[in-house]
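Enquirer: Please find upload04.cif (mmCIF, C-alpha atoms) on the next line:
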data_protein
loop_
_atom_site.label_atom_id
_atom_site.label_comp_id
_atom_site.auth_asym_id
_atom_site.auth_seq_id
_atom_site.Cartn_x
_atom_site.Cartn_y
_atom_site.Cartn_z
CA MET S 1 5.60 -20.15 7.84
CA ASN S 2 4.81 -16.65 9.10
CA VAL S 3 1.39 -15.59 7.80
CA LEU S 4 -0.31 -12.20 8.08
CA ILE S 5 -4.08 -12.22 7.49
CA MET S 6 -6.01 -9.00 6.90
CA GLY S 7 -9.67 -9.15 7.90
CA CYS S 8 -11.07 -11.20 10.78
CA GLY S 9 -14.45 -11.98 9.27
CA ARG S 10 -15.81 -15.51 9.03
CA LEU S 11 -13.32 -16.52 6.36
CA GLY S 12 -10.32 -14.77 7.93
CA ALA S 13 -11.03 -16.23 11.37
CA ARG S 14 -11.37 -19.76 9.96
CA ILE S 15 -8.16 -19.47 7.95
CA ALA S 16 -6.32 -18.11 10.98
CA ALA S 17 -7.58 -20.92 13.20
CA ALA S 18 -6.72 -23.62 10.65
CA LEU S 19 -3.20 -22.30 10.05
CA ASP S 20 -2.68 -21.98 13.79
CA VAL S 21 -3.70 -25.61 14.34
CA ALA S 22 -1.34 -26.57 11.51
CA GLY S 23 1.51 -25.06 13.51
CA GLN S 24 2.08 -21.90 11.46
CA THR S 25 2.87 -18.49 12.97
CA VAL S 26 -0.26 -16.40 12.42
CA THR S 27 -1.02 -12.71 12.88
CA ILE S 28 -4.54 -11.55 12.14
CA LEU S 29 -5.21 -7.86 11.50
CA ASP S 30 -8.58 -6.15 11.73
CA ILE S 31 -9.68 -2.56 12.03
CA ASN S 32 -12.19 -3.53 14.69
CA SER S 33 -11.17 -5.39 17.86
CA SER S 34 -14.64 -6.91 18.27
CA SER S 35 -14.01 -8.97 15.13
CA PHE S 36 -11.57 -11.12 17.07
CA ARG S 37 -14.52 -12.74 18.88
CA ARG S 38 -14.78 -15.02 15.84
CA LEU S 39 -11.44 -16.64 16.69
CA PRO S 40 -11.54 -19.81 18.79
CA GLU S 41 -10.39 -19.52 22.40
CA THR S 42 -7.52 -21.86 21.63
CA PHE S 43 -6.03 -19.48 19.02
CA GLN S 44 -2.32 -19.04 19.76
CA GLY S 45 -1.57 -16.39 17.15
CA THR S 46 -1.34 -12.61 17.41
CA ARG S 47 -4.31 -10.25 17.12
CA ALA S 48 -3.38 -6.83 15.67
CA ILE S 49 -5.66 -3.82 15.37
CA GLY S 50 -5.22 -1.50 12.42
CA ASN S 51 -6.11 -0.58 8.86
CA GLY S 52 -4.49 -2.98 6.41
CA MET S 53 -4.30 -0.28 3.75
CA ASP S 54 -1.99 1.78 5.93
CA GLY S 55 1.74 1.06 5.66
CA PRO S 56 2.61 1.80 9.30
CA ALA S 57 -0.26 -0.43 10.50
CA LEU S 58 1.00 -3.28 8.30
CA GLU S 59 4.49 -2.77 9.67
CA ARG S 60 3.25 -2.93 13.25
CA ALA S 61 1.46 -6.15 12.38
CA GLY S 62 4.80 -7.55 11.23
CA ILE S 63 4.51 -7.49 7.44
CA ARG S 64 8.30 -7.27 7.09
CA GLN S 65 8.63 -10.71 8.69
CA ALA S 66 5.69 -12.28 6.82
CA ASP S 67 6.24 -15.09 4.30
CA ALA S 68 2.64 -14.85 3.17
CA PHE S 69 -0.13 -12.25 3.18
CA MET S 70 -3.84 -12.99 2.78
CA ALA S 71 -6.38 -10.23 2.13
CA VAL S 72 -9.88 -11.38 3.10
CA THR S 73 -11.88 -8.27 4.02
CA GLN S 74 -15.33 -7.70 2.52
CA GLY S 75 -14.03 -5.15 0.01
CA ASP S 76 -12.51 -6.31 -3.27
CA ASN S 77 -10.72 -3.02 -3.85
CA ARG S 78 -9.39 -2.88 -0.29
CA ASN S 79 -8.09 -6.43 -0.66
CA TYR S 80 -6.40 -5.49 -3.92
CA PHE S 81 -4.82 -2.37 -2.50
CA ALA S 82 -3.44 -4.10 0.60
CA SER S 83 -2.24 -7.09 -1.44
CA GLN S 84 -0.28 -4.86 -3.78
CA MET S 85 1.21 -3.00 -0.79
CA ALA S 86 2.35 -6.37 0.57
CA ARG S 87 3.80 -7.42 -2.79
CA GLU S 88 5.17 -4.20 -4.27
CA VAL S 89 6.20 -2.23 -1.20
CA TYR S 90 7.10 -4.98 1.31
CA GLY S 91 8.16 -7.76 -1.07
CA VAL S 92 6.05 -10.50 0.55
CA LYS S 93 6.55 -13.71 -1.46
CA ARG S 94 3.06 -15.22 -1.38
CA VAL S 95 0.11 -12.84 -1.61
CA LEU S 96 -3.40 -14.31 -1.70
CA CYS S 97 -6.39 -12.09 -2.37
CA ARG S 98 -10.10 -12.85 -1.99
CA VAL S 99 -12.24 -11.23 -4.71
CA TYR S 100 -16.04 -11.46 -4.84
CA ASP S 101 -16.38 -10.02 -8.36
CA PRO S 102 -15.23 -12.66 -10.90
CA MET S 103 -14.45 -10.01 -13.55
CA ARG S 104 -12.26 -8.12 -11.13
CA GLU S 105 -10.57 -11.42 -10.23
CA ASP S 106 -9.19 -11.68 -13.77
CA ILE S 107 -7.75 -8.17 -13.50
CA TYR S 108 -6.20 -8.79 -10.07
CA HIS S 109 -4.74 -12.09 -11.20
CA ALA S 110 -3.16 -10.52 -14.27
CA ALA S 111 -1.71 -7.86 -11.95
CA GLY S 112 0.34 -10.53 -10.21
CA LEU S 113 -1.81 -11.70 -7.31
CA GLU S 114 -2.91 -15.19 -6.36
CA THR S 115 -6.67 -14.75 -6.35
CA PHE S 116 -9.64 -16.66 -5.03
CA SER S 117 -13.23 -15.86 -5.95
CA PRO S 118 -15.86 -17.53 -3.74
CA THR S 119 -18.48 -16.37 -6.25
CA SER S 120 -17.23 -18.26 -9.29
CA LEU S 121 -16.05 -21.30 -7.30
CA GLY S 122 -19.24 -21.41 -5.20
CA ALA S 123 -21.44 -21.16 -8.28
CA GLN S 124 -19.58 -24.00 -9.96
CA ILE S 125 -19.80 -26.23 -6.88
CA MET S 126 -23.54 -25.62 -6.45
CA VAL S 127 -24.26 -26.32 -10.11
CA ASP S 128 -22.26 -29.54 -9.88
CA MET S 129 -24.12 -30.52 -6.70
CA LEU S 130 -27.46 -30.10 -8.36
CA LEU S 131 -26.67 -31.76 -11.68
CA THR S 132 -24.24 -34.55 -10.86
CA LYS S 133 -24.91 -35.73 -7.32
CA PRO S 134 -27.92 -37.60 -5.95
CA ALA S 135 -29.98 -35.85 -3.31
CA ALA S 136 -28.52 -36.22 0.18
CA GLY S 137 -30.77 -37.17 3.09
CA GLY S 138 -32.55 -34.32 4.85
CA MET W 1 -8.23 12.80 -26.82
CA TYR W 2 -10.80 10.54 -25.21
CA ILE W 3 -10.52 10.89 -21.43
CA ILE W 4 -12.43 8.92 -18.80
CA VAL W 5 -12.74 10.52 -15.38
CA GLY W 6 -13.51 8.22 -12.44
CA GLY W 7 -15.52 9.96 -9.74
CA GLY W 8 -17.89 12.89 -10.19
CA GLY W 9 -17.18 14.73 -6.97
CA LYS W 10 -15.74 18.22 -6.78
CA VAL W 11 -12.42 17.22 -8.31
CA GLY W 12 -13.93 15.07 -11.08
CA PHE W 13 -16.55 17.62 -12.00
CA HIS W 14 -14.17 20.57 -12.34
CA LEU W 15 -11.59 18.44 -14.14
CA ALA W 16 -14.22 17.31 -16.66
CA GLN W 17 -15.40 20.88 -17.17
CA GLU W 18 -11.86 22.05 -17.95
CA LEU W 19 -11.21 19.12 -20.27
CA LEU W 20 -14.44 19.74 -22.17
CA GLN W 21 -13.46 23.36 -22.66
CA GLY W 22 -10.20 22.08 -24.11
CA ASN W 23 -12.30 20.23 -26.72
CA HIS W 24 -11.55 16.76 -25.44
CA GLU W 25 -14.04 13.93 -25.46
CA VAL W 26 -14.82 13.35 -21.79
CA LEU W 27 -16.84 10.81 -19.83
CA VAL W 28 -17.33 11.06 -16.06
CA VAL W 29 -18.16 7.77 -14.31
CA GLU W 30 -20.02 8.29 -11.02
CA ARG W 31 -21.59 5.55 -8.92
CA GLU W 32 -23.91 7.67 -6.80
CA GLN W 33 -27.09 8.34 -8.71
CA THR W 34 -27.88 11.74 -7.20
CA ARG W 35 -24.37 12.99 -7.84
CA ALA W 36 -24.34 11.52 -11.33
CA SER W 37 -27.53 13.36 -12.26
CA ALA W 38 -26.27 16.58 -10.65
CA VAL W 39 -23.15 16.40 -12.81
CA ALA W 40 -25.31 15.55 -15.83
CA ASP W 41 -27.27 18.78 -15.29
CA ASP W 42 -24.10 20.66 -16.14
CA LEU W 43 -22.21 18.32 -18.42
CA GLY W 44 -25.09 16.71 -20.30
CA GLU W 45 -24.37 13.40 -21.95
CA ASN W 46 -20.82 13.22 -20.69
CA VAL W 47 -21.75 11.30 -17.55
CA LEU W 48 -22.15 7.57 -17.01
CA TYR W 49 -23.93 6.35 -13.89
CA GLY W 50 -21.95 3.34 -12.64
CA ASP W 51 -19.02 2.08 -10.60
CA CYS W 52 -15.69 3.10 -12.11
CA CYS W 53 -14.06 0.02 -10.57
CA GLU W 54 -16.40 -2.37 -12.38
CA VAL W 55 -14.90 -3.97 -15.45
CA ALA W 56 -18.30 -4.09 -17.19
CA THR W 57 -18.92 -0.39 -16.56
CA LEU W 58 -15.54 0.61 -17.96
CA ASP W 59 -16.01 -1.65 -20.97
CA ALA W 60 -19.37 0.02 -21.58
CA ALA W 61 -17.56 3.35 -21.37
CA GLY W 62 -15.26 2.19 -24.16
CA VAL W 63 -12.19 2.15 -21.96
CA ALA W 64 -10.15 0.28 -24.59
CA ARG W 65 -10.14 3.30 -26.88
CA ALA W 66 -9.44 5.85 -24.12
CA ASP W 67 -6.20 7.83 -24.38
CA LEU W 68 -6.19 8.74 -20.71
CA VAL W 69 -7.92 7.65 -17.51
CA CYS W 70 -8.04 9.94 -14.49
CA ALA W 71 -9.14 8.26 -11.26
CA VAL W 72 -10.09 11.03 -8.85
CA THR W 73 -12.45 9.48 -6.29
CA GLY W 74 -11.88 10.09 -2.59
CA ASP W 75 -10.72 6.49 -2.05
CA ASP W 76 -7.18 5.49 -2.97
CA GLU W 77 -8.05 1.80 -3.31
CA ASP W 78 -10.79 2.57 -5.84
CA ASN W 79 -8.44 4.81 -7.80
CA LEU W 80 -5.77 2.12 -7.91
CA VAL W 81 -8.22 -0.53 -9.13
CA MET W 82 -9.65 1.74 -11.83
CA CYS W 83 -6.16 2.49 -13.15
CA GLU W 84 -5.24 -1.20 -13.13
CA ILE W 85 -8.32 -2.14 -15.17
CA ALA W 86 -7.55 0.67 -17.61
CA ARG W 87 -3.93 -0.39 -17.95
CA GLN W 88 -4.95 -3.97 -18.72
CA ARG W 89 -7.41 -2.73 -21.34
CA GLY W 90 -4.51 -0.97 -23.06
CA VAL W 91 -4.98 2.63 -21.91
CA PRO W 92 -1.55 4.24 -22.44
CA ARG W 93 -1.71 6.70 -19.56
CA THR W 94 -3.38 6.64 -16.14
CA ILE W 95 -3.39 9.36 -13.52
CA ALA W 96 -4.71 8.96 -10.00
CA ARG W 97 -5.53 11.44 -7.29
CA ILE W 98 -4.04 10.14 -4.07
CA ASN W 99 -5.75 11.11 -0.87
CA ASN W 100 -3.07 9.78 1.44
CA PRO W 101 0.38 11.04 0.36
CA LYS W 102 1.93 7.92 1.92
CA ASN W 103 0.45 5.81 -0.88
CA GLU W 104 2.49 7.49 -3.61
CA LEU W 105 5.08 4.69 -3.81
CA LEU W 106 2.50 1.98 -4.43
CA PHE W 107 0.91 3.90 -7.31
CA LYS W 108 4.33 4.51 -8.85
CA ARG W 109 5.17 0.80 -8.65
CA ARG W 110 1.92 0.01 -10.48
CA GLY W 111 2.79 2.45 -13.25
CA VAL W 112 0.22 5.08 -12.28
CA GLU W 113 1.04 8.77 -12.34
CA THR W 114 -0.14 10.50 -9.22
CA THR W 115 -1.33 13.85 -8.05
CA ILE W 116 -1.84 14.70 -4.41
CA SER W 117 -5.07 16.45 -3.62
CA ALA W 118 -4.48 20.07 -2.63
CA THR W 119 -6.59 19.78 0.49
CA GLN W 120 -4.56 16.85 1.73
CA ALA W 121 -1.28 18.55 0.96
CA VAL W 122 -2.34 21.61 2.92
CA LEU W 123 -3.52 19.50 5.84
CA ALA W 124 -0.29 17.52 5.91
CA GLN W 125 1.65 20.78 5.89
CA ILE W 126 -0.37 22.18 8.76
CA GLU W 127 -0.01 19.01 10.78
CA SER W 128 3.76 18.90 10.42
CA GLU W 129 4.59 22.61 10.72
CA LEU W 130 2.24 24.22 13.19
CA PRO W 131 2.96 23.66 16.86
CA THR W 132 -0.73 24.07 17.69
CA ALA W 133 -1.58 20.91 15.79
CA GLU W 134 0.39 18.87 18.30
CA MET W 135 -1.42 20.15 21.35
CA ILE W 136 -5.17 20.23 21.09
CA PRO W 137 -7.40 21.44 23.96
CA LEU W 138 -10.17 18.87 24.35
CA LEU W 139 -12.24 19.94 27.32
CA GLN W 140 -12.35 22.57 30.07
CA LEU W 141 -12.67 20.94 33.47
CA HIS W 142 -13.68 22.76 36.65
CA SER W 143 -11.20 24.72 38.79
CA GLY W 144 -8.97 25.77 35.91
CA LEU W 145 -7.98 22.28 34.81
CA GLU W 146 -8.04 21.34 31.18
CA LEU W 147 -7.90 18.11 29.19
CA VAL W 148 -5.47 18.39 26.26
CA GLU W 149 -4.28 15.96 23.65
CA VAL W 150 -0.59 15.98 22.80
CA LYS W 151 0.70 14.10 19.80
CA LEU W 152 4.36 13.21 20.19
CA PRO W 153 6.47 14.15 17.15
CA GLU W 154 9.57 12.12 16.36
CA THR W 155 11.66 14.99 17.66
CA SER W 156 9.97 14.96 21.06
CA PRO W 157 12.47 14.79 23.93
CA VAL W 158 10.31 12.21 25.77
CA VAL W 159 10.21 9.60 23.01
CA GLY W 160 11.63 6.33 24.34
CA ARG W 161 11.37 7.43 28.00
CA ARG W 162 9.21 6.05 30.80
CA ILE W 163 6.49 8.33 32.18
CA ARG W 164 8.02 8.13 35.70
CA ASP W 165 11.26 9.59 34.32
CA ILE W 166 9.57 12.65 32.84
CA LEU W 167 9.36 15.80 34.91
CA LEU W 168 5.86 17.05 34.16
CA PRO W 169 4.58 20.49 35.23
CA SER W 170 2.82 20.41 38.60
CA GLU W 171 -0.71 19.00 38.76
CA SER W 172 -0.32 17.50 35.27
CA ILE W 173 -1.21 13.84 34.79
CA VAL W 174 -0.92 11.68 31.69
CA SER W 175 -4.27 9.89 31.88
CA LEU W 176 -4.38 8.02 28.59
CA VAL W 177 -1.94 6.97 25.87
CA VAL W 178 -3.30 6.17 22.41
CA ASP W 179 -0.75 4.54 20.13
CA PRO W 180 -0.53 5.37 16.39
CA GLY W 181 -2.73 2.36 15.62
CA GLY W 182 -5.50 3.90 17.72
CA VAL W 183 -5.18 1.48 20.65
CA PRO W 184 -5.73 3.22 24.00
CA ARG W 185 -3.83 2.27 27.18
CA ILE W 186 -4.06 3.54 30.71
CA PRO W 187 -0.42 4.35 31.41
CA SER W 188 1.61 3.51 34.49
CA GLY W 189 4.93 4.99 35.52
CA GLU W 190 6.60 2.17 33.59
CA THR W 191 4.87 3.03 30.30
CA ARG W 192 7.40 3.98 27.63
CA LEU W 193 6.36 6.67 25.14
CA ASN W 194 6.80 6.39 21.39
CA ALA W 195 6.72 8.86 18.52
CA GLY W 196 3.19 9.17 17.21
CA ASP W 197 1.58 8.36 20.56
CA ALA W 198 -1.29 10.67 21.45
CA LEU W 199 -1.34 11.53 25.16
CA VAL W 200 -4.42 12.79 26.90
CA VAL W 201 -3.17 14.97 29.74
CA VAL W 202 -4.96 16.74 32.57
CA THR W 203 -3.21 20.03 33.27
CA PRO W 204 -3.91 23.49 34.71
CA ARG W 205 -4.41 25.98 31.90
CA GLU W 206 -1.45 28.12 33.01
CA ASN W 207 0.90 25.15 32.54
CA HIS W 208 0.18 24.77 28.81
CA GLU W 209 3.45 26.21 27.61
CA MET W 210 5.52 24.26 30.12
CA LEU W 211 3.75 21.07 29.12
CA ARG W 212 4.43 21.78 25.47
CA GLU W 213 8.10 22.33 26.19
CA VAL W 214 8.39 19.07 28.15
CA LEU W 215 6.48 16.84 25.75
CA ILE W 216 7.11 18.42 22.33
CA GLY W 217 10.28 20.43 22.84
CA SER W 218 10.86 24.17 22.80
CA THR W 219 10.27 26.49 19.83
CA HIS W 220 9.38 23.52 17.66
CA GLY W 221 8.19 24.84 14.30
CA LEU W 222 8.21 28.46 15.43
CA ASP W 223 11.31 29.41 13.48
CA THR W 224 9.80 28.79 10.04
#
Could you write out this file's structure as structure tokens?

Expert:
Amino acid sequence: MNVLIMGCGRLGARIAAALDVAGQTVTILDINSSSFRRLPETFQGTRAIGNGMDGPALERAGIRQADAFMAVTQGDNRNYFASQMAREVYGVKRVLCRVYDPMREDIYHAAGLETFSPTSLGAQIMVDMLLTKPAAGG
Amino acid sequence: MYIIVGGGGKVGFHLAQELLQGNHEVLVVEREQTRASAVADDLGENVLYGDCCEVATLDAAGVARADLVCAVTGDDEDNLVMCEIARQRGVPRTIARINNPKNELLFKRRGVETTISATQAVLAQIESELPTAEMIPLLQLHSGLELVEVKLPETSPVVGRRIRDILLPSESIVSLVVDPGGVPRIPSGETRLNAGDALVVVTPRENHEMLREVLIGSTHGLDT
């Protein structure tokens, strides 16, 4: 699968590395070249510099060949905007969007995106940890 | 009509003023406190301090009963999100200011009416029509040399050619090529030029016009 990832933060870099190890074709796009330091040295994929909300930059990063697009920058609205560009303008089949704000997640999801909110999932996991699991050592 | 305006900058403020004079019920949502209170000085109670992309803020503004939402912040992504929230809350009509004219298609696909900001439209016009916009003097060097930036239009005769194959005016050197994505390269003779590349060229001042002719093409834009 050909995957384009927008945002090389901690999450983006980890996703890129994991997909790369899994044998997928990965391009990671970030506005800032220094963000690529988060990628492991063994990363085989492509690093592209550009603004993911800009059509020409997405095209240079190969969005027309992408089977999947993942928006994982720090900005919920930026992720939404780029995801809808991928879906509506470039017809990418799978579009996954990270959203911090759980209320906005509902809106984005209803607008046709596959969404992931680390806030609501993280909260649920931590509550479960505290209430249902025994204390781990340390 | 009940109209919610997202963004209390210059555009939002004047829009709200006009709408109030037309006897509409208007609420401006502005997320910067100083700007929100400045707008409130003029518009009184018709301002809500908050983020117009927050679902909770828009619900508090009574978005579900709004007849129209106008998203006029300076950020296209914020405008798109505000209109999407409004649409899902049942607002029958949404209008967004788009700051980058290239984004028009996306807004249309999402069912948002658009208006291009006048400033942007004028700038885009200037950039595409005026020859001066394609050749910008950057710095005067000693002994009559100058550093200029030349942005290659699609119609440039050197697009697709290698630097070694281009006959530049004497004492002119292409010292840097910045591609449309903003990535700089130090060019060699083998470097091929593309439309949208910005070249930084060292050239004697008297060779300006020759350089323009070689890199941009003659009389480009002068016949309008």

Enquirer: Which polymer residues have any atom within 6 Å of an atom of stretch 69-75 of chain S, counting only C-alpha atoms, with same-chain residues fewer than 5 positions away left out, as number ranges by chain?

Expert: S: 3-7, 12, 95-98

Enquirer: Taking only C-alpha atoms into account, which residues of chain S are within 9 Å of chain W, as a list in words?

Expert: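 The complete set of qualifying residues is Ile49, Gly50, Asn51, Met53, Asp54, Gly55, Pro56, Ala57, Arg60, Asn77, Arg78, Asn79, Tyr80, Phe81, Ala82, Gln84, Met85, Glu88, Val89, Asp101, Met103, Arg104, Ile107, Tyr108, Ala110 and Ala111 of chain S.
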
Enquirer: My list of candidates is S:Leu19, S:Val26, S:Ile63, S:Ala13. Which is closest to S:Thr46 when distances are computed with all atoms listed in the file?

Expert: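 Closest to S:Thr46, using all atoms listed in the file: S:Val26.
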
Enquirer: Residues picked by the PyMOL selection byres ((chain S and resi 65) around 12) here, as a PyMOL selection string?

Expert: chain S and resi 1-4+25-27+58-64+66-69+86+90-93

Enquirer: Grab the residues selected above and save them as a PDB file, in the frame of the given file with C-alpha atoms.

Expert:
ATOM      1  CA  MET S   1       5.600 -20.150   7.840  1.00  0.00           C
ATOM      2  CA  ASN S   2       4.810 -16.650   9.100  1.00  0.00           C
ATOM      3  CA  VAL S   3       1.390 -15.590   7.800  1.00  0.00           C
ATOM      4  CA  LEU S   4      -0.310 -12.200   8.080  1.00  0.00           C
ATOM      5  CA  THR S  25       2.870 -18.490  12.970  1.00  0.00           C
ATOM      6  CA  VAL S  26      -0.260 -16.400  12.420  1.00  0.00           C
ATOM      7  CA  THR S  27      -1.020 -12.710  12.880  1.00  0.00           C
ATOM      8  CA  LEU S  58       1.000  -3.280   8.300  1.00  0.00           C
ATOM      9  CA  GLU S  59       4.490  -2.770   9.670  1.00  0.00           C
ATOM     10  CA  ARG S  60       3.250  -2.930  13.250  1.00  0.00           C
ATOM     11  CA  ALA S  61       1.460  -6.150  12.380  1.00  0.00           C
ATOM     12  CA  GLY S  62       4.800  -7.550  11.230  1.00  0.00           C
ATOM     13  CA  ILE S  63       4.510  -7.490   7.440  1.00  0.00           C
ATOM     14  CA  ARG S  64       8.300  -7.270   7.090  1.00  0.00           C
ATOM     15  CA  ALA S  66       5.690 -12.280   6.820  1.00  0.00           C
ATOM     16  CA  ASP S  67       6.240 -15.090   4.300  1.00  0.00           C
ATOM     17  CA  ALA S  68       2.640 -14.850   3.170  1.00  0.00           C
ATOM     18  CA  PHE S  69      -0.130 -12.250   3.180  1.00  0.00           C
ATOM     19  CA  ALA S  86       2.350  -6.370   0.570  1.00  0.00           C
ATOM     20  CA  TYR S  90       7.100  -4.980   1.310  1.00  0.00           C
ATOM     21  CA  GLY S  91       8.160  -7.760  -1.070  1.00  0.00           C
ATOM     22  CA  VAL S  92       6.050 -10.500   0.550  1.00  0.00           C
ATOM     23  CA  LYS S  93       6.550 -13.710  -1.460  1.00  0.00           C
TER      24      LYS S  93
END

Enquirer: Could you check how far atom CA of S:Tyr100 sits from atom CA of S:Ser117, in Å to one decimal?

Expert: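 So the two atoms, atom CA of S:Tyr100 and atom CA of S:Ser117, lie 5.3 Å apart.
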
Enquirer: Restricting the calculation to only C-alpha atoms: of W:Val201, W:Ile4, W:Val11, W:Ser175, which residue gets closest to W:Ala60?

Expert: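 The answer is W:Ile4, which sits nearest to W:Ala60.
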
Enquirer: Give the centre and edge lengths of an axis-aligned box, in Å to one decimal, that holds all listed atoms of stretch 79-98 of chain W with 5 Å on each side, as JSON.

Expert:
{"center_x": -5.6, "center_y": 3.7, "center_z": -13.6, "size_x": 18.1, "size_y": 25.4, "size_z": 29.0}

Enquirer: If you count only C-alpha atoms, which residues fall within 12 Å of W:Leu211, apart from same-chain ones fewer than 2 positions away, as a PyMOL selection string?

Expert: chain W and resi 134-135+146+148-150+152+156-158+166-174+199-209+213-218

Enquirer: Those same residues, written as a compact mmCIF listing (two decimals), in the coordinates of the input with C-alpha atoms?

Expert:
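Contents of again.txt, freshly written:
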# COMPACT_ATOMS: atom_id res chain seq x y z
CA GLU W 134 0.39 18.87 18.30
CA MET W 135 -1.42 20.15 21.35
CA GLU W 146 -8.04 21.34 31.18
CA VAL W 148 -5.47 18.39 26.26
CA GLU W 149 -4.28 15.96 23.65
CA VAL W 150 -0.59 15.98 22.80
CA LEU W 152 4.36 13.21 20.19
CA SER W 156 9.97 14.96 21.06
CA PRO W 157 12.47 14.79 23.93
CA VAL W 158 10.31 12.21 25.77
CA ILE W 166 9.57 12.65 32.84
CA LEU W 167 9.36 15.80 34.91
CA LEU W 168 5.86 17.05 34.16
CA PRO W 169 4.58 20.49 35.23
CA SER W 170 2.82 20.41 38.60
CA GLU W 171 -0.71 19.00 38.76
CA SER W 172 -0.32 17.50 35.27
CA ILE W 173 -1.21 13.84 34.79
CA VAL W 174 -0.92 11.68 31.69
CA LEU W 199 -1.34 11.53 25.16
CA VAL W 200 -4.42 12.79 26.90
CA VAL W 201 -3.17 14.97 29.74
CA VAL W 202 -4.96 16.74 32.57
CA THR W 203 -3.21 20.03 33.27
CA PRO W 204 -3.91 23.49 34.71
CA ARG W 205 -4.41 25.98 31.90
CA GLU W 206 -1.45 28.12 33.01
CA ASN W 207 0.90 25.15 32.54
CA HIS W 208 0.18 24.77 28.81
CA GLU W 209 3.45 26.21 27.61
CA GLU W 213 8.10 22.33 26.19
CA VAL W 214 8.39 19.07 28.15
CA LEU W 215 6.48 16.84 25.75
CA ILE W 216 7.11 18.42 22.33
CA GLY W 217 10.28 20.43 22.84
CA SER W 218 10.86 24.17 22.80

Enquirer: Neighbouring residues of W:Val72 were defined as those with any atom within 12 Å, considering all atoms listed in the file; residues of the same chain fewer than 3 positions away were excluded. Please report them as number ranges by chain.

Expert: W: 4-16, 28-30, 52-53, 69, 75-83, 94-99, 113-117

Enquirer: One decimal, in Å: what's the spacing between atom CA of W:Tyr2 and atom CA of W:Tyr49?

Expert: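 Rounded to one decimal, the two atoms are 17.8 Å apart.
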
Enquirer: What is the atom CA of W:Val177-atom CA of W:Lys151 distance in Å, reported with one decimal?

Expert: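 A separation of 9.7 Å between them.
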
Enquirer: Nearest to S:Asp106: which of S:Arg14, S:Ser120, S:Thr132, S:Arg47 is it, counting all atoms listed in the file?

Expert: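 Comparing S:Arg14, S:Ser120, S:Thr132, S:Arg47 against S:Asp106, the winner is S:Ser120.
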
Enquirer: So that I can look at just that part, could you write stretch 73-97 of chain W with C-alpha atoms, as a CSV table (one decimal), in the first residue's frame?

Expert:
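Full text of out-v5.csv as output:
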chain,number,residue,atom,x,y,z
W,73,THR,CA,-11.2,34.4,9.7
W,74,GLY,CA,-7.8,34.7,8.1
W,75,ASP,CA,-7.3,30.9,8.1
W,76,ASP,CA,-9.0,28.8,5.5
W,77,GLU,CA,-8.9,25.6,7.6
W,78,ASP,CA,-10.7,27.3,10.5
W,79,ASN,CA,-13.3,28.7,8.1
W,80,LEU,CA,-13.9,25.2,6.7
W,81,VAL,CA,-14.3,23.6,10.1
W,82,MET,CA,-16.7,26.3,11.3
W,83,CYS,CA,-18.9,25.8,8.2
W,84,GLU,CA,-18.9,22.1,8.6
W,85,ILE,CA,-20.0,22.3,12.3
W,86,ALA,CA,-22.7,24.7,11.2
W,87,ARG,CA,-23.9,22.5,8.4
W,88,GLN,CA,-24.1,19.5,10.8
W,89,ARG,CA,-26.1,21.6,13.2
W,90,GLY,CA,-28.6,22.3,10.5
W,91,VAL,CA,-27.7,25.8,9.3
W,92,PRO,CA,-29.1,26.1,5.8
W,93,ARG,CA,-26.5,28.4,4.4
W,94,THR,CA,-22.8,28.8,5.0
W,95,ILE,CA,-20.4,31.3,3.4
W,96,ALA,CA,-16.6,31.3,3.9
W,97,ARG,CA,-14.0,33.8,3.1
